[in-house]
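Q: Encoded as structure tokens, here's the structure I'll be asking about.
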Amino acid sequence: MLELKGITKDYPAGDGTVHALKGIDLKFRKSEFVSILGPSGCGKTTMLNIIGGLDQYTDGDLIINGISTKNYKDRDWDSYRNHSVGFVFQSYNLISHQSVLQNVELALSLSGVSKSERRKRAIKALEEVGLGTQINKKPNEMSGGQMQRVAIARAIVNDPDIILADEPTGALDSDTGIQVMNILKEISKKRLVVMVTHTRMSSTRQKFLACA
């Protein structure tokens, strides 16, 4: 469903150029859990951002469901990000003054979904991550593991085909990290989950990125 063909990414740096990615070739299946490993600075997050349409590749091609993105316009990328991809970040990126339910509903605000339907979908997503009884709490009333589960609920509420997770357990203790990993593993039964991490995970297909 997703393929990277010869993906390169270059950044200008002073009088020179930083080659963040050099000819990445990868294929992903519809339902699987893939971890991208490698030391800091080797391009893991850059690749994740390109897959998610948050950054544009310099050369090569990102193929989505058999369709090249070389000629994608801004509206095509907007549609892809809004409907096909969910993001999970190490820092959670929750809005502190809003409730857990409101944080998850926010992901549906650009989808033309009615208020009642947004609430229904958000509650269902929170139930899937074990937080169905916590919907009225604020993020600062929750543990790190609970906040990450809210972030996962927000990522899946739009029923995307792809979940992209950037170091989702990096700020968590080992036991809580395992709980979050188990949730992502369960999600990967119905979706593609691509995770950037420094840790080898026995339950995932792994791809190691070496620094350029």
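We name chains A, B, ... following the order of the structure tokens; residues begin at 1 in each chain, and ligands are numbered from 1 as shown.
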Show which residues sit within 9 Å of stretch 115-129 of chain A, as a VMD selection string. Count only C-alpha atoms, and ignore same-chain residues fewer than 6 positions away.

A: chain A and resid 100 to 106 108 to 109 135 149 to 150 152 to 158 180 183

Q: Keeping only N, CA, C and O atoms, write those residues as a CSV table (one decimal), in the first residue's frame.

A:
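Output file part10.csv follows:
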chain,number,residue,atom,x,y,z
A,100,VAL,N,-9.7,15.5,27.7
A,100,VAL,CA,-9.2,14.3,26.9
A,100,VAL,C,-10.1,14.2,25.7
A,100,VAL,O,-9.7,14.0,24.6
A,101,LEU,N,-11.4,14.2,26.0
A,101,LEU,CA,-12.4,14.1,24.9
A,101,LEU,C,-12.2,15.1,23.8
A,101,LEU,O,-12.2,14.9,22.6
A,102,GLN,N,-12.1,16.4,24.2
A,102,GLN,CA,-11.9,17.5,23.3
A,102,GLN,C,-10.6,17.4,22.5
A,102,GLN,O,-10.6,17.7,21.3
A,103,ASN,N,-9.5,16.9,23.1
A,103,ASN,CA,-8.3,16.7,22.4
A,103,ASN,C,-8.4,15.7,21.3
A,103,ASN,O,-7.9,15.9,20.2
A,104,VAL,N,-9.2,14.6,21.5
A,104,VAL,CA,-9.4,13.6,20.5
A,104,VAL,C,-10.3,14.1,19.4
A,104,VAL,O,-10.1,13.9,18.2
A,105,GLU,N,-11.4,14.8,19.8
A,105,GLU,CA,-12.3,15.4,18.9
A,105,GLU,C,-11.7,16.3,17.9
A,105,GLU,O,-12.1,16.4,16.7
A,106,LEU,N,-10.7,17.0,18.4
A,106,LEU,CA,-10.0,18.0,17.6
A,106,LEU,C,-9.5,17.5,16.2
A,106,LEU,O,-9.5,18.2,15.2
A,108,LEU,N,-10.9,15.6,14.3
A,108,LEU,CA,-12.0,15.5,13.4
A,108,LEU,C,-12.6,16.8,12.9
A,108,LEU,O,-13.5,16.9,12.1
A,109,SER,N,-12.0,17.9,13.4
A,109,SER,CA,-12.5,19.2,13.2
A,109,SER,C,-12.5,19.6,11.7
A,109,SER,O,-13.3,20.5,11.3
A,135,ILE,N,-12.7,10.5,30.0
A,135,ILE,CA,-12.9,11.4,29.0
A,135,ILE,C,-12.9,12.9,29.4
A,135,ILE,O,-12.7,13.8,28.6
A,149,ARG,N,-1.7,7.4,25.5
A,149,ARG,CA,-2.8,6.7,25.0
A,149,ARG,C,-3.9,7.6,24.4
A,149,ARG,O,-4.5,7.3,23.4
A,150,VAL,N,-4.0,8.8,25.0
A,150,VAL,CA,-4.9,9.8,24.4
A,150,VAL,C,-4.4,10.2,23.1
A,150,VAL,O,-5.1,10.4,22.1
A,152,ILE,N,-2.7,8.4,21.0
A,152,ILE,CA,-3.0,7.3,20.1
A,152,ILE,C,-4.4,7.3,19.7
A,152,ILE,O,-4.8,7.1,18.5
A,153,ALA,N,-5.3,7.6,20.7
A,153,ALA,CA,-6.8,7.7,20.4
A,153,ALA,C,-7.0,8.8,19.3
A,153,ALA,O,-7.8,8.6,18.4
A,154,ARG,N,-6.3,9.9,19.5
A,154,ARG,CA,-6.4,11.0,18.6
A,154,ARG,C,-6.0,10.6,17.2
A,154,ARG,O,-6.5,11.0,16.2
A,155,ALA,N,-4.9,9.8,17.1
A,155,ALA,CA,-4.4,9.4,15.9
A,155,ALA,C,-5.3,8.4,15.1
A,155,ALA,O,-5.3,8.4,13.9
A,156,ILE,N,-6.1,7.6,15.8
A,156,ILE,CA,-6.9,6.6,15.2
A,156,ILE,C,-8.3,7.0,15.0
A,156,ILE,O,-9.1,6.3,14.3
A,157,VAL,N,-8.7,8.2,15.6
A,157,VAL,CA,-10.1,8.5,15.6
A,157,VAL,C,-10.7,8.8,14.2
A,157,VAL,O,-11.9,8.6,13.9
A,158,ASN,N,-9.8,9.2,13.2
A,158,ASN,CA,-10.3,9.4,11.8
A,158,ASN,C,-10.2,8.1,11.0
A,158,ASN,O,-10.4,8.2,9.8
A,180,VAL,N,2.1,0.7,26.0
A,180,VAL,CA,1.8,1.5,24.8
A,180,VAL,C,2.2,0.7,23.5
A,180,VAL,O,1.5,0.7,22.5
A,183,ILE,N,-0.6,-1.7,22.7
A,183,ILE,CA,-1.7,-1.0,22.0
A,183,ILE,C,-1.4,-0.8,20.5
A,183,ILE,O,-2.2,-1.1,19.7

Q: If you run DSSP on the backbone, which residues of chain A are strand (DSSP E), as a VMD selection string?

A: chain A and resid 2 to 13 16 to 28 32 to 37 59 to 64 67 to 68 85 to 89 162 to 166 192 to 197 205 to 208

Q: What does the distance from atom CA of A:Asp25 to atom CA of A:Val85 come to in Å, to one decimal?

A: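 Pair atom CA of A:Asp25 / atom CA of A:Val85 returns 20.1 Å.
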
Q: Using only C-alpha atoms, can you tell me which of A:Ile50, A:Ala151, A:Asp10, A:Leu62 comes closest to A:Ile95?

A: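 Comparing A:Ile50, A:Ala151, A:Asp10, A:Leu62 against A:Ile95, the winner is A:Ala151.
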
Q: Which of these, A:Asp59, A:Asp166, A:Asp15, A:Glu141, has the shortest distance to A:Lys44 once you count only C-alpha atoms?

A: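 Using only C-alpha atoms, A:Lys44 sits closest to A:Asp166.
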
Q: Under the rule that only C-alpha atoms are counted, which of A:Lys190, A:His198, A:Lys185, A:Lys5 is the nearest residue to A:Gly60?

A: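 Once distances to A:Gly60 are computed over only C-alpha atoms, the minimum belongs to A:Lys5.
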
Q: I need the residues of chain A that end up classed as alpha helix (DSSP H) by DSSP on the backbone, written out as JSON, numbers by chain.

A: {"A": [44, 45, 46, 47, 48, 49, 50, 51, 74, 75, 76, 77, 78, 79, 80, 81, 82, 83, 84, 100, 101, 102, 103, 104, 105, 115, 116, 117, 118, 119, 120, 121, 122, 123, 124, 125, 126, 127, 128, 144, 145, 146, 147, 148, 149, 150, 151, 152, 153, 154, 155, 156, 174, 175, 176, 177, 178, 179, 180, 181, 182, 183, 184, 185, 186, 187]}

Q: When distances are computed from only C-alpha atoms, which of A:Asp161, A:Gln56, A:Ser40, A:Ile24 shows the smallest separation from A:Tyr72?

A: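 When distances to A:Tyr72 are compared using only C-alpha atoms, the smallest one comes from A:Gln56.
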
Q: Residues near A:Met195, anyone? I mean within 8 Å using only C-alpha atoms, not counting same-chain ones fewer than 6 positions away, as a list of chain:residue names.

A: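 Selected residues are A:Phe33, A:Val34, A:Ser35, A:Ile36, A:Leu164, A:Ala165, A:Asp166, A:Glu167, A:Pro168.
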
Q: Would you output that residue set with N, CA, C and O atoms, as a tab-separated table (two decimals), in the first residue's frame?

A:
chain	number	residue	atom	x	y	z
A	33	PHE	N	3.43	-4.00	11.59
A	33	PHE	CA	4.09	-3.12	12.55
A	33	PHE	C	5.56	-3.09	12.19
A	33	PHE	O	6.25	-4.11	12.27
A	34	VAL	N	6.05	-1.93	11.76
A	34	VAL	CA	7.43	-1.78	11.31
A	34	VAL	C	8.14	-0.77	12.20
A	34	VAL	O	7.63	0.32	12.45
A	35	SER	N	9.31	-1.13	12.70
A	35	SER	CA	10.11	-0.19	13.48
A	35	SER	C	11.33	0.24	12.67
A	35	SER	O	12.01	-0.60	12.06
A	36	ILE	N	11.58	1.54	12.65
A	36	ILE	CA	12.71	2.12	11.96
A	36	ILE	C	13.77	2.43	13.01
A	36	ILE	O	13.55	3.27	13.90
A	164	LEU	N	1.80	6.77	12.19
A	164	LEU	CA	3.23	7.07	12.26
A	164	LEU	C	3.56	7.50	13.68
A	164	LEU	O	2.98	8.46	14.20
A	165	ALA	N	4.48	6.80	14.31
A	165	ALA	CA	4.82	7.05	15.71
A	165	ALA	C	6.30	7.37	15.84
A	165	ALA	O	7.15	6.56	15.48
A	166	ASP	N	6.60	8.56	16.36
A	166	ASP	CA	7.98	9.02	16.50
A	166	ASP	C	8.40	8.89	17.96
A	166	ASP	O	8.01	9.70	18.80
A	167	GLU	N	9.18	7.87	18.28
A	167	GLU	CA	9.64	7.59	19.65
A	167	GLU	C	8.48	7.62	20.66
A	167	GLU	O	8.54	8.35	21.66
A	168	PRO	N	7.42	6.86	20.44
A	168	PRO	CA	6.23	6.96	21.29
A	168	PRO	C	6.45	6.53	22.73
A	168	PRO	O	5.66	6.89	23.61

Q: Pick the closest to A:Asp55 from A:Val193, A:Gly112, A:Gly86, A:Thr8: which is it, counting only C-alpha atoms?

A: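 Closest to A:Asp55 of all the choices is A:Thr8.
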
Q: Select, from A:Leu192, A:Ile7, A:Ala20, A:Val88, the residue with the minimum atom-to-atom distance to A:Ile63, counting only C-alpha atoms.

A: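 Using only C-alpha atoms, the shortest distance to A:Ile63 belongs to A:Ile7.
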
Q: Record the distance separating atom CA of A:Asn136 and atom CA of A:His97, expressed in Å with one decimal.

A: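 Computing the Euclidean distance for atom CA of A:Asn136 and atom CA of A:His97 yields 11.4 Å.
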
Q: Could you state the separation of atom CA of A:Lys22 and atom CA of A:Ile163 in Å, given to one decimal place?

A: 23.7 Å
